[in-house]
$ cat input-v4.tsv   # TSV, C-alpha atoms
chain	number	residue	atom	x	y	z
A	470	MET	CA	0.00	0.00	0.00
A	471	LYS	CA	2.79	2.41	0.93
A	472	SER	CA	4.75	1.41	-2.18
A	473	ASP	CA	1.78	2.30	-4.39
A	474	LYS	CA	1.47	5.67	-2.65
A	475	ILE	CA	5.10	6.54	-3.41
A	476	LYS	CA	4.79	5.21	-6.94
A	477	ASN	CA	1.73	7.32	-7.70
A	478	GLN	CA	3.45	10.53	-6.59
A	479	TYR	CA	5.41	10.83	-9.81
A	480	ARG	CA	4.60	11.05	-13.48
A	481	VAL	CA	6.81	9.08	-15.85
A	482	ASN	CA	7.57	9.24	-19.59
A	483	GLU	CA	4.37	9.78	-21.62
A	484	GLN	CA	2.46	10.76	-18.48
A	485	ILE	CA	4.39	14.05	-18.58
A	486	ARG	CA	2.37	16.24	-20.95
A	487	VAL	CA	3.79	19.72	-20.50
A	488	ARG	CA	5.49	21.49	-23.40
A	489	GLU	CA	8.99	21.61	-21.88
A	490	VAL	CA	10.85	20.38	-18.82
A	491	ARG	CA	14.04	21.10	-16.92
A	492	ILE	CA	16.41	18.13	-16.88
A	493	VAL	CA	18.69	18.01	-13.81
A	494	GLY	CA	21.72	15.81	-13.38
A	495	ASP	CA	25.30	15.70	-12.17
A	496	ASN	CA	26.34	18.17	-14.86
A	497	GLY	CA	23.75	20.80	-13.99
A	498	SER	CA	20.36	21.47	-15.56
A	499	THR	CA	18.93	22.39	-18.94
A	500	VAL	CA	15.47	23.24	-20.27
A	501	VAL	CA	14.39	21.19	-23.30
A	502	PRO	CA	11.10	20.33	-25.05
A	503	THR	CA	9.41	17.35	-23.44
A	504	ARG	CA	9.59	15.41	-26.71
A	505	ASP	CA	13.38	15.84	-26.80
A	506	ALA	CA	13.63	14.79	-23.15
A	507	LEU	CA	11.69	11.58	-23.91
A	508	ASN	CA	14.04	10.84	-26.81
A	509	MET	CA	17.06	11.37	-24.53
A	510	ALA	CA	15.58	8.90	-22.03
A	511	ARG	CA	15.04	6.26	-24.72
A	512	GLU	CA	18.56	6.67	-26.06
A	513	GLN	CA	20.04	6.18	-22.58
A	514	GLY	CA	17.74	3.27	-21.75
A	515	VAL	CA	16.21	5.03	-18.75
A	516	ASP	CA	13.00	6.85	-17.86
A	517	LEU	CA	11.99	10.49	-17.74
A	518	VAL	CA	10.78	11.03	-14.15
A	519	GLU	CA	9.05	14.23	-13.05
A	520	ILE	CA	10.36	15.05	-9.56
A	521	SER	CA	9.06	18.61	-9.11
A	522	PRO	CA	5.78	19.17	-10.97
A	523	ASN	CA	5.09	22.62	-9.46
A	524	ALA	CA	8.28	24.18	-10.78
A	525	ASN	CA	8.19	26.29	-13.96
A	526	PRO	CA	9.05	24.37	-16.03
A	527	PRO	CA	8.60	21.04	-14.17
A	528	VAL	CA	11.86	19.43	-13.06
A	529	CYS	CA	12.68	15.93	-14.32
A	530	ARG	CA	15.46	13.39	-14.05
A	531	LEU	CA	16.75	10.81	-16.49
A	532	ILE	CA	16.91	7.69	-14.34
A	533	ASP	CA	15.71	4.11	-14.17
A	534	TYR	CA	12.29	4.40	-12.55
A	535	SER	CA	12.72	1.26	-10.41
A	536	LYS	CA	16.03	2.59	-9.09
A	537	PHE	CA	14.42	5.97	-8.43
A	538	LEU	CA	11.58	4.39	-6.42
A	539	TYR	CA	14.08	2.36	-4.39
A	540	GLN	CA	16.01	5.53	-3.53
A	541	GLN	CA	12.80	7.30	-2.47
A	542	LYS	CA	11.69	4.41	-0.26
A	543	LYS	CA	15.13	4.23	1.36
A	544	ARG	CA	15.11	7.98	2.01
A	545	ALA	CA	11.60	7.82	3.50
A	546	LYS	CA	12.68	5.00	5.80
A	547	GLU	CA	15.72	6.95	7.00
A	548	MET	CA	13.62	10.03	7.70
A	549	LYS	CA	11.11	7.97	9.63
A	550	ALA	CA	13.90	6.51	11.76
A	551	LYS	CA	15.20	10.02	12.53
A	552	GLN	CA	11.73	11.15	13.50
A	553	ALA	CA	11.20	8.24	15.90
A	554	LYS	CA	9.09	9.40	18.81
A	555	VAL	CA	11.06	10.08	21.96
A	556	GLU	CA	9.36	8.57	24.99
A	557	VAL	CA	9.23	10.23	28.39
A	558	LYS	CA	9.98	7.76	31.17
A	559	GLU	CA	8.85	8.50	34.71
A	560	ILE	CA	10.85	7.93	37.88
A	561	ARG	CA	8.97	8.38	41.14
A	562	PHE	CA	10.43	9.05	44.55
A	563	GLY	CA	8.65	9.07	47.86
A	564	PRO	CA	9.46	10.96	51.07
A	565	GLN	CA	10.90	7.77	52.58
A	566	THR	CA	13.14	6.82	49.63
A	567	ASP	CA	16.18	5.00	50.98
A	568	GLU	CA	19.63	4.73	49.42
A	569	HIS	CA	19.06	1.26	47.93
A	570	ASP	CA	15.85	2.36	46.21
A	571	TYR	CA	17.54	5.55	45.03
A	572	GLN	CA	20.38	3.63	43.38
A	573	PHE	CA	17.90	1.22	41.78
A	574	LYS	CA	15.95	4.09	40.20
A	575	LEU	CA	19.15	5.86	39.23
A	576	LYS	CA	20.19	2.77	37.26
A	577	HIS	CA	16.88	2.69	35.38
A	578	ALA	CA	17.06	6.40	34.60
A	579	ARG	CA	20.57	5.94	33.22
A	580	GLU	CA	19.31	3.17	30.92
A	581	PHE	CA	16.39	5.32	29.72
A	582	LEU	CA	18.71	8.17	28.81
A	583	GLN	CA	21.16	5.86	27.04
A	584	GLU	CA	18.26	4.58	24.93
A	585	GLY	CA	17.49	8.15	23.85
A	586	ASN	CA	14.42	8.69	26.03
A	587	LYS	CA	13.68	11.64	28.26
A	588	VAL	CA	13.23	11.23	32.00
A	589	ARG	CA	10.67	12.92	34.22
A	590	ALA	CA	11.60	12.40	37.85
A	591	TYR	CA	9.36	13.55	40.64
A	592	VAL	CA	8.92	13.44	44.38
A	593	PHE	CA	5.39	12.83	45.62
A	594	PHE	CA	4.57	14.44	48.95
A	595	ARG	CA	1.86	12.94	51.13
A	596	GLY	CA	0.12	14.93	53.83
A	597	ARG	CA	2.44	16.94	56.05
A	598	SER	CA	5.57	15.78	54.18
A	599	ILE	CA	4.98	18.76	51.87
A	600	LEU	CA	6.60	20.83	54.64
A	601	PHE	CA	9.93	19.29	53.60
A	602	LYS	CA	9.73	20.24	49.93
A	603	GLU	CA	13.22	21.76	50.05
A	604	GLN	CA	14.61	18.33	50.84
A	605	GLY	CA	12.71	16.98	47.84
A	606	GLU	CA	14.45	19.58	45.72
A	607	VAL	CA	17.81	18.48	47.11
A	608	LEU	CA	17.03	14.89	46.15
A	609	LEU	CA	16.13	15.81	42.58
A	610	LEU	CA	19.22	17.97	42.19
A	611	ARG	CA	21.37	15.11	43.42
A	612	PHE	CA	19.61	12.87	40.92
A	613	ALA	CA	20.43	15.29	38.09
A	614	ASN	CA	24.03	15.55	39.23
A	615	ASP	CA	24.44	11.75	39.30
A	616	LEU	CA	23.13	11.57	35.72
A	617	GLU	CA	25.09	14.48	34.25
A	618	ASP	CA	27.18	12.14	32.05
A	619	TYR	CA	24.02	10.84	30.37
A	620	GLY	CA	21.43	13.62	30.49
A	621	LYS	CA	21.08	17.37	30.73
A	622	VAL	CA	18.54	19.27	32.80
A	623	GLU	CA	15.68	20.69	30.73
A	624	SER	CA	14.00	22.38	33.68
A	625	MET	CA	14.95	22.77	37.32
A	626	PRO	CA	12.82	21.15	40.05
A	627	SER	CA	9.40	22.78	40.31
A	628	LEU	CA	6.47	22.05	42.58
A	629	GLU	CA	3.13	21.27	40.96
A	630	GLY	CA	0.51	20.46	43.57
A	631	LYS	CA	1.91	17.64	45.67
A	632	LYS	CA	4.57	16.68	43.14
A	633	MET	CA	7.97	18.21	42.45
A	634	PHE	CA	9.21	17.53	38.91
A	635	LEU	CA	12.62	17.45	37.26
A	636	TYR	CA	13.02	16.92	33.51
A	637	LEU	CA	16.12	15.41	31.89
A	638	ALA	CA	16.92	14.99	28.19
A	639	PRO	CA	19.51	12.55	26.83
A	640	LYS	CA	22.85	13.97	25.80
A	641	LYS	CA	23.72	13.71	22.13
A	642	ALA	CA	26.11	10.99	21.04
A	643	GLY	CA	29.68	12.16	21.07
A	644	GLU	CA	29.25	14.73	23.83
A	645	LYS	CA	32.14	14.85	26.22
A	646	LYS	CA	31.47	12.40	29.00
A	647	LYS	CA	33.01	14.06	32.02
A	648	SER	CA	34.93	17.31	32.04
A	649	GLN	CA	37.32	18.51	34.68
A	650	GLN	CA	34.67	21.02	35.68
A	651	ALA	CA	32.21	18.17	36.25
A	652	ARG	CA	34.72	16.32	38.40
A	653	ASP	CA	35.30	19.48	40.40
A	654	ARG	CA	31.57	19.78	40.99
A	655	GLU	CA	31.44	16.19	42.20
A	656	ALA	CA	34.18	16.98	44.70
A	657	VAL	CA	32.12	19.91	45.99
A	658	VAL	CA	29.02	17.69	46.28
A	659	ASP	CA	31.02	15.11	48.23
A	660	GLN	CA	32.14	17.82	50.60
A	661	LYS	CA	28.51	18.96	51.00
A	662	GLU	CA	27.42	15.42	51.79
A	663	GLN	CA	30.15	15.07	54.41
A	664	THR	CA	28.95	18.30	56.00
A	665	ALA	CA	25.39	16.98	55.84
A	666	GLN	CA	26.33	13.90	57.83
A	667	GLN	CA	27.58	16.15	60.60
A	668	LEU	CA	24.23	17.98	60.60
A	669	LYS	CA	22.17	14.76	60.68
A	670	PRO	CA	21.39	14.86	64.44
A	671	GLU	CA	20.05	18.40	64.02
A	672	VAL	CA	17.83	17.36	61.11
A	673	ASP	CA	16.54	14.35	63.03
A	674	ALA	CA	15.61	16.59	65.93
A	675	GLU	CA	13.64	18.92	63.68
A	676	ALA	CA	11.84	16.19	61.69
A	677	PRO	CA	11.96	12.85	63.50
A	678	ALA	CA	9.22	11.37	61.30
A	679	ASN	CA	10.93	12.18	58.05
A	680	GLY	CA	13.49	9.37	57.73
A	681	GLY	CA	15.09	7.68	54.77
A	682	LEU	CA	17.15	9.50	52.20
A	683	PHE	CA	15.73	12.95	53.04
A	684	ALA	CA	17.08	12.73	56.60
A	685	ASN	CA	20.66	12.30	55.37
A	686	ALA	CA	21.19	16.01	54.88
A	687	LYS	CA	19.67	19.45	55.04
A	688	ILE	CA	21.68	21.00	52.22
A	689	SER	CA	20.99	24.39	50.72
A	690	ALA	CA	18.96	23.88	47.55
A	691	GLU	CA	20.29	27.15	46.16
A	692	ALA	CA	23.88	25.89	46.50
A	693	LEU	CA	23.12	22.69	44.64
A	694	LYS	CA	21.28	24.62	41.94
A	695	LYS	CA	24.50	26.39	41.12
A	696	LEU	CA	26.24	23.03	40.81
A	697	THR	CA	23.80	21.89	38.14
A	698	GLU	CA	23.40	25.13	36.20
A	699	THR	CA	26.22	24.18	33.83
A	700	ASN	CA	24.14	21.25	32.54
A	701	ASP	CA	22.31	23.79	30.35
A	702	GLU	CA	25.54	25.17	28.89
$ encode --input "input-v4.tsv" --output "structure tokens"
Amino acid sequence: MKSDKIKNQYRVNEQIRVREVRIVGDNGSTVVPTRDALNMAREQGVDLVEISPNANPPVCRLIDYSKFLYQQKKRAKEMKAKQAKVEVKEIRFGPQTDEHDYQFKLKHAREFLQEGNKVRAYVFFRGRSILFKEQGEVLLLRFANDLEDYGKVESMPSLEGKKMFLYLAPKKAGEKKKSQQARDREAVVDQKEQTAQQLKPEVDAEAPANGGLFANAKISAEALKKLTETNDE
């Protein structure tokens, strides 16, 4: 069915009934009477194929029609492959996400990005856990930082109702994996996490019911934002 559709797009040989046509080829183009163009096609053992009927005069090529159709089908297939729909994969975190669960979801997100898909990560806050939305932002920024070799941040964490979203897009093939600047940022993050461990008793005292990964640190979200801003560069 698709083959017939492509085939019927073009007029060939005697189907071309205009007075003159423009013949294009490797050596340029020339305008000749259609009758002369048909004679040229017969002499070369090929077909006269109209490739641009709306031009003035219509543009034609001297080529074997079967070969021409094959080239068109191949080109259409390549374009379709390039236009393949990019899926958006979701990664959900909860207020009580622990380190093991975090690493498990990080692995899946890495695979999604390597496959060329986008990732939408979000933290879902239940009830009073919305009071700790800054810690949710810290989690998502850490998530983005851990994936910086595979994806770039499309939008910073934003709260929508009871969900805080972060959007990541896959990096293009051939992009530099890890720059010295990225390694320097990781060193800063490690230092922040070490500081966070020292603050853990204070965080526990303020929010004893909010355990798991969020209780590991009370890091400034603004500081971590600066660490991830270069993902957009």
$ atom_distance --input "input-v4.tsv" --atom1 "CA of Asn614 (chain A)" --atom2 "CA of Val588 (chain A)"
13.7 Å
$ atom_distance --input "input-v4.tsv" --atom1 "CA of Val501 (chain A)" --atom2 "CA of Leu517 (chain A)"
12.3 Å
$ atom_distance --input "input-v4.tsv" --atom1 "CA of Val487 (chain A)" --atom2 "CA of Glu519 (chain A)"
10.6 Å
$ residues_around --input "input-v4.tsv" --residues "Tyr571 (chain A)" --least-positions-apart "3" --cutoff "12 Å" --atoms "all atoms listed in the file" --output "PyMOL selection string"
chain A and resi 560-568+574-578+590+592+608-609+611-612+615+681-683
$ closest_residue --input "input-v4.tsv" --among "A:Phe593, A:Ala545, A:Ser598, A:Val515" --to "Leu628 (chain A)" --atoms "only C-alpha atoms"
A:Phe593
$ build_atoms --input "input-v4.tsv" --residues "region 494-505 of chain A" --atoms "all heavy atoms" --output "PDB file, in the coordinates of the input"
ATOM      1  N   GLY A 494      20.801  16.939 -13.505  1.00  0.00           N
ATOM      2  CA  GLY A 494      21.720  15.810 -13.380  1.00  0.00           C
ATOM      3  C   GLY A 494      23.015  16.257 -12.742  1.00  0.00           C
ATOM      4  O   GLY A 494      23.125  17.381 -12.222  1.00  0.00           O
ATOM      5  N   ASP A 495      24.014  15.384 -12.792  1.00  0.00           N
ATOM      6  CA  ASP A 495      25.300  15.700 -12.170  1.00  0.00           C
ATOM      7  C   ASP A 495      25.989  16.871 -12.844  1.00  0.00           C
ATOM      8  O   ASP A 495      26.810  17.552 -12.225  1.00  0.00           O
ATOM      9  CB  ASP A 495      26.207  14.461 -12.233  1.00  0.00           C
ATOM     10  CG  ASP A 495      25.649  13.301 -11.412  1.00  0.00           C
ATOM     11  OD1 ASP A 495      24.871  13.569 -10.476  1.00  0.00           O
ATOM     12  OD2 ASP A 495      25.991  12.139 -11.711  1.00  0.00           O
ATOM     13  N   ASN A 496      25.680  17.101 -14.109  1.00  0.00           N
ATOM     14  CA  ASN A 496      26.340  18.170 -14.860  1.00  0.00           C
ATOM     15  C   ASN A 496      25.533  19.472 -14.882  1.00  0.00           C
ATOM     16  O   ASN A 496      25.787  20.353 -15.711  1.00  0.00           O
ATOM     17  CB  ASN A 496      26.610  17.710 -16.300  1.00  0.00           C
ATOM     18  CG  ASN A 496      27.548  16.508 -16.339  1.00  0.00           C
ATOM     19  OD1 ASN A 496      28.481  16.424 -15.538  1.00  0.00           O
ATOM     20  ND2 ASN A 496      27.293  15.582 -17.244  1.00  0.00           N
ATOM     21  N   GLY A 497      24.548  19.585 -14.029  1.00  0.00           N
ATOM     22  CA  GLY A 497      23.750  20.800 -13.990  1.00  0.00           C
ATOM     23  C   GLY A 497      22.345  20.562 -14.495  1.00  0.00           C
ATOM     24  O   GLY A 497      21.804  19.455 -14.380  1.00  0.00           O
ATOM     25  N   SER A 498      21.734  21.600 -15.066  1.00  0.00           N
ATOM     26  CA  SER A 498      20.360  21.470 -15.560  1.00  0.00           C
ATOM     27  C   SER A 498      20.211  22.189 -16.888  1.00  0.00           C
ATOM     28  O   SER A 498      20.970  23.112 -17.210  1.00  0.00           O
ATOM     29  CB  SER A 498      19.378  22.043 -14.531  1.00  0.00           C
ATOM     30  OG  SER A 498      19.558  23.452 -14.413  1.00  0.00           O
ATOM     31  N   THR A 499      19.206  21.766 -17.658  1.00  0.00           N
ATOM     32  CA  THR A 499      18.930  22.390 -18.940  1.00  0.00           C
ATOM     33  C   THR A 499      17.452  22.253 -19.257  1.00  0.00           C
ATOM     34  O   THR A 499      16.818  21.252 -18.897  1.00  0.00           O
ATOM     35  CB  THR A 499      19.767  21.746 -20.070  1.00  0.00           C
ATOM     36  OG1 THR A 499      19.482  22.392 -21.300  1.00  0.00           O
ATOM     37  CG2 THR A 499      19.447  20.262 -20.185  1.00  0.00           C
ATOM     38  N   VAL A 500      16.881  23.258 -19.891  1.00  0.00           N
ATOM     39  CA  VAL A 500      15.470  23.240 -20.270  1.00  0.00           C
ATOM     40  C   VAL A 500      15.370  22.777 -21.729  1.00  0.00           C
ATOM     41  O   VAL A 500      16.026  23.341 -22.619  1.00  0.00           O
ATOM     42  CB  VAL A 500      14.836  24.627 -20.107  1.00  0.00           C
ATOM     43  CG1 VAL A 500      13.382  24.608 -20.586  1.00  0.00           C
ATOM     44  CG2 VAL A 500      14.916  25.075 -18.647  1.00  0.00           C
ATOM     45  N   VAL A 501      14.562  21.743 -21.947  1.00  0.00           N
ATOM     46  CA  VAL A 501      14.390  21.190 -23.300  1.00  0.00           C
ATOM     47  C   VAL A 501      12.916  20.878 -23.519  1.00  0.00           C
ATOM     48  O   VAL A 501      12.152  20.701 -22.554  1.00  0.00           O
ATOM     49  CB  VAL A 501      15.222  19.902 -23.488  1.00  0.00           C
ATOM     50  CG1 VAL A 501      16.701  20.173 -23.318  1.00  0.00           C
ATOM     51  CG2 VAL A 501      14.759  18.823 -22.496  1.00  0.00           C
ATOM     52  N   PRO A 502      12.469  20.781 -24.773  1.00  0.00           N
ATOM     53  CA  PRO A 502      11.100  20.330 -25.050  1.00  0.00           C
ATOM     54  C   PRO A 502      10.889  18.927 -24.498  1.00  0.00           C
ATOM     55  O   PRO A 502      11.812  18.104 -24.499  1.00  0.00           O
ATOM     56  CB  PRO A 502      11.019  20.365 -26.576  1.00  0.00           C
ATOM     57  CG  PRO A 502      12.054  21.351 -26.987  1.00  0.00           C
ATOM     58  CD  PRO A 502      13.179  21.181 -26.008  1.00  0.00           C
ATOM     59  N   THR A 503       9.700  18.660 -24.041  1.00  0.00           N
ATOM     60  CA  THR A 503       9.410  17.350 -23.440  1.00  0.00           C
ATOM     61  C   THR A 503       9.667  16.232 -24.429  1.00  0.00           C
ATOM     62  O   THR A 503      10.157  15.152 -24.046  1.00  0.00           O
ATOM     63  CB  THR A 503       7.957  17.315 -22.938  1.00  0.00           C
ATOM     64  OG1 THR A 503       7.756  18.384 -22.017  1.00  0.00           O
ATOM     65  CG2 THR A 503       7.655  16.009 -22.237  1.00  0.00           C
ATOM     66  N   ARG A 504       9.352  16.445 -25.696  1.00  0.00           N
ATOM     67  CA  ARG A 504       9.590  15.410 -26.710  1.00  0.00           C
ATOM     68  C   ARG A 504      11.065  15.062 -26.798  1.00  0.00           C
ATOM     69  O   ARG A 504      11.443  13.888 -26.882  1.00  0.00           O
ATOM     70  CB  ARG A 504       9.080  15.894 -28.065  1.00  0.00           C
ATOM     71  CG  ARG A 504       9.241  14.864 -29.181  1.00  0.00           C
ATOM     72  CD  ARG A 504       8.671  15.386 -30.479  1.00  0.00           C
ATOM     73  NE  ARG A 504       7.238  15.644 -30.350  1.00  0.00           N
ATOM     74  CZ  ARG A 504       6.496  16.142 -31.352  1.00  0.00           C
ATOM     75  NH1 ARG A 504       7.056  16.444 -32.519  1.00  0.00           N
ATOM     76  NH2 ARG A 504       5.207  16.345 -31.175  1.00  0.00           N
ATOM     77  N   ASP A 505      11.935  16.094 -26.751  1.00  0.00           N
ATOM     78  CA  ASP A 505      13.380  15.840 -26.800  1.00  0.00           C
ATOM     79  C   ASP A 505      13.838  15.102 -25.541  1.00  0.00           C
ATOM     80  O   ASP A 505      14.729  14.239 -25.600  1.00  0.00           O
ATOM     81  CB  ASP A 505      14.133  17.156 -26.927  1.00  0.00           C
ATOM     82  CG  ASP A 505      13.893  17.828 -28.273  1.00  0.00           C
ATOM     83  OD1 ASP A 505      13.333  17.151 -29.179  1.00  0.00           O
ATOM     84  OD2 ASP A 505      14.256  19.018 -28.409  1.00  0.00           O
TER      85      ASP A 505
END
